[in-house]
Every structure is written in C-alpha cells, then in structure tokens.
Amino acid sequence: MARELEPLARELSIPYYEAALPAHDSFHANRVRDLSIRLADECEGTVDRDVLSAAAWLHDVGRPLERTGEIDDHDEWGANEAADLLAAEDVSPDRIAAVERCVRAHSIRASSPEPETLEAKLLFDADKLDATGAVGIVRLACIVGERSGRTGEKHAVIDDSSVQRPATADRPDVSLLREWARERLDELYTDPGRRLGASRWEFTESFFARFADELGVEGER
C-alpha cells in the first residue's frame, strides 16, 4: 500500500535540512507548508493539498548545497532530487511530476520557470510570503548576515540609507530588507496570496517607520 504523500515527503526532506542555516531550514519548510495550505483553503479552484504539502517540504532541499557552492541551482537540483526520492518510494509518476513542477518553479530568480499549475503558484506565493511581515524581516536579516563579508561583498550595517553618514553610506543597510520584501510581494500569483501580502506589507512599512524613528531619521531635531 502506497504511503501518504505529505508525511513521506516530510520524512524524506528532513535530513537535507540538517546542514541548513536558519533562513532556509526545516522550520521554513514547515511554515511554507502551513502557509500554502492556508492559501489553498481561501482559493477558488481544486487544489491537490497532498502534492502542495509535499512540494513545500521538499522545495529547499538543495539550499545547503547551493550555499556551499556544490550545486548552482537549488530549484533544478531539488526538483530532480525530489523526483528521485519519491520514485524510490513507488509514488505514482503523475504525482511525482506534479511535485517536481512545483519545486522547479518556486524561486523568484530570473532563471526559474513560471509556475503553471495552481499548486505551483500557491507554493511560490507561500514561499515569498515567508519573506514578509515579522517573520520575513527576521529571515531576510538572516540572509543578509549569511552574505555579509563574503569575498567581494561588504558587511551589512544596521543603518538607514536615507541618511548619508560618511561611515556607512557605501555599505549595504537595512533598506535591503524592505526592497527584497517588496520585490517578492510584487511577484505573487494568487488572490489569497496578494491579500495576505497586503496585510504583511502594512506591518513591514510600520516596522521601517519605527526603525527610522529610533535612528532619529524622521523629524530630526
């Protein structure tokens, strides 16, 4: 008897996240799974929730290898790896293909294919929404921290680019987080995703307004 797809995918994915940093770990995969199901519940049209959940668990299994330079594209690699893992468990080819399509199209990068199925669009939106709002600000800050200090890249600073202080004006700053969040919200595909994105953007704006206020940027005295 074939195993249920979601718990199988979760079990298969967990070992891949053991080497992951916080922004793309199993907790992120779990949040994306929960968000994608929430969006599916608010979505018109028939959604295969097992395929969607399985794809959410598997979508970032290639991230640790991409971070260390062992692979170039975690979307493509992850889609192929997910297909191989599920095939070894005798999952039907049609369901494997459905999961693979979701994983392959979940990224915002230019090389990623457009999500075509409803499940792929919901996964894409849930993944991007996890980079917005309160959780998203923390995640994006983690990503900035991961990238800071790499060869050829300057350390990011806790500052605001709207005030050109000589000591920080030429360094990446927290405005990156706002830009990255907005970029992701502008790419959402589904109505439920856009509705939730609008709410999270309100919080994001209020956060950066408070951040500026704490720096003394607004209404300088």
# chains A, B, ... in the order shown; residues from 1 in each chain; ligands from 1

call {"tool": "select_by_dssp", "arguments": {"residues": "chain A", "states": "alpha helix (DSSP H)", "output": "NGL selection string"}}
result
:A and (5-13 or 26-41 or 49-58 or 63-67 or 74-88 or 93-104 or 118-129 or 133-147 or 175-185 or 191-215)

call {"tool": "residues_around", "arguments": {"residues": "His106 in chain A", "least_positions_apart": "2", "cutoff": "10 Å", "atoms": "only C-alpha atoms", "output": "count of residues only"}}
result
25

call {"tool": "residues_around", "arguments": {"residues": "Glu179 in chain A", "least_positions_apart": "4", "cutoff": "12 Å", "atoms": "only C-alpha atoms", "output": "MDAnalysis selection string"}}
result
chainID A and resid 131:132 137 140 172:175 183:186 201 204:205 208

call {"tool": "residues_around", "arguments": {"residues": "His74 in chain A", "least_positions_apart": "5", "cutoff": "6 Å", "atoms": "only C-alpha atoms", "output": "list in words"}}
result
Gly62, Arg63 and Glu66 of chain A

call {"tool": "write_last_selection", "arguments": {"atoms": "all heavy atoms", "output": "PDB file, in the first residue's frame"}}
result
ATOM      1  N   GLY A  62      17.799  21.571  -1.702  1.00  0.00           N
ATOM      2  CA  GLY A  62      19.089  21.852  -2.322  1.00  0.00           C
ATOM      3  C   GLY A  62      19.788  23.098  -1.804  1.00  0.00           C
ATOM      4  O   GLY A  62      20.929  23.381  -2.175  1.00  0.00           O
ATOM      5  N   ARG A  63      19.135  23.850  -0.933  1.00  0.00           N
ATOM      6  CA  ARG A  63      19.708  25.110  -0.445  1.00  0.00           C
ATOM      7  C   ARG A  63      21.066  24.942   0.232  1.00  0.00           C
ATOM      8  O   ARG A  63      21.996  25.716  -0.028  1.00  0.00           O
ATOM      9  CB  ARG A  63      18.738  25.797   0.505  1.00  0.00           C
ATOM     10  CG  ARG A  63      17.749  26.721  -0.161  1.00  0.00           C
ATOM     11  CD  ARG A  63      18.425  27.982  -0.641  1.00  0.00           C
ATOM     12  NE  ARG A  63      17.462  28.943  -1.159  1.00  0.00           N
ATOM     13  CZ  ARG A  63      17.801  30.145  -1.600  1.00  0.00           C
ATOM     14  NH1 ARG A  63      19.061  30.538  -1.582  1.00  0.00           N
ATOM     15  NH2 ARG A  63      16.883  30.963  -2.075  1.00  0.00           N
ATOM     16  N   GLU A  66      23.678  24.529  -2.442  1.00  0.00           N
ATOM     17  CA  GLU A  66      23.878  25.753  -3.222  1.00  0.00           C
ATOM     18  C   GLU A  66      24.697  26.759  -2.426  1.00  0.00           C
ATOM     19  O   GLU A  66      25.577  27.430  -2.967  1.00  0.00           O
ATOM     20  CB  GLU A  66      22.525  26.352  -3.604  1.00  0.00           C
ATOM     21  CG  GLU A  66      22.643  27.571  -4.519  1.00  0.00           C
ATOM     22  CD  GLU A  66      21.285  28.152  -4.882  1.00  0.00           C
ATOM     23  OE1 GLU A  66      20.748  28.951  -4.093  1.00  0.00           O
ATOM     24  OE2 GLU A  66      20.757  27.780  -5.955  1.00  0.00           O
TER      25      GLU A  66
END

call {"tool": "closest_residue", "arguments": {"among": "A:Tyr189, A:Trp180, A:Phe203, A:Trp77", "to": "Gly133 in chain A", "atoms": "only C-alpha atoms"}}
result
A:Phe203

call {"tool": "closest_residue", "arguments": {"among": "A:Ala212, A:Glu119, A:Arg182, A:His24", "to": "Ala198 in chain A", "atoms": "only C-alpha atoms"}}
result
A:Arg182

call {"tool": "closest_residue", "arguments": {"among": "A:Val91, A:Ala9, A:Ile37, A:Val47", "to": "Val61 in chain A", "atoms": "only C-alpha atoms"}}
result
A:Ala9

call {"tool": "residues_around", "arguments": {"residues": "range 15-19 of chain A", "least_positions_apart": "5", "cutoff": "7 Å", "atoms": "only C-alpha atoms", "output": "PyMOL selection string"}}
result
chain A and resi 25-26+61+64
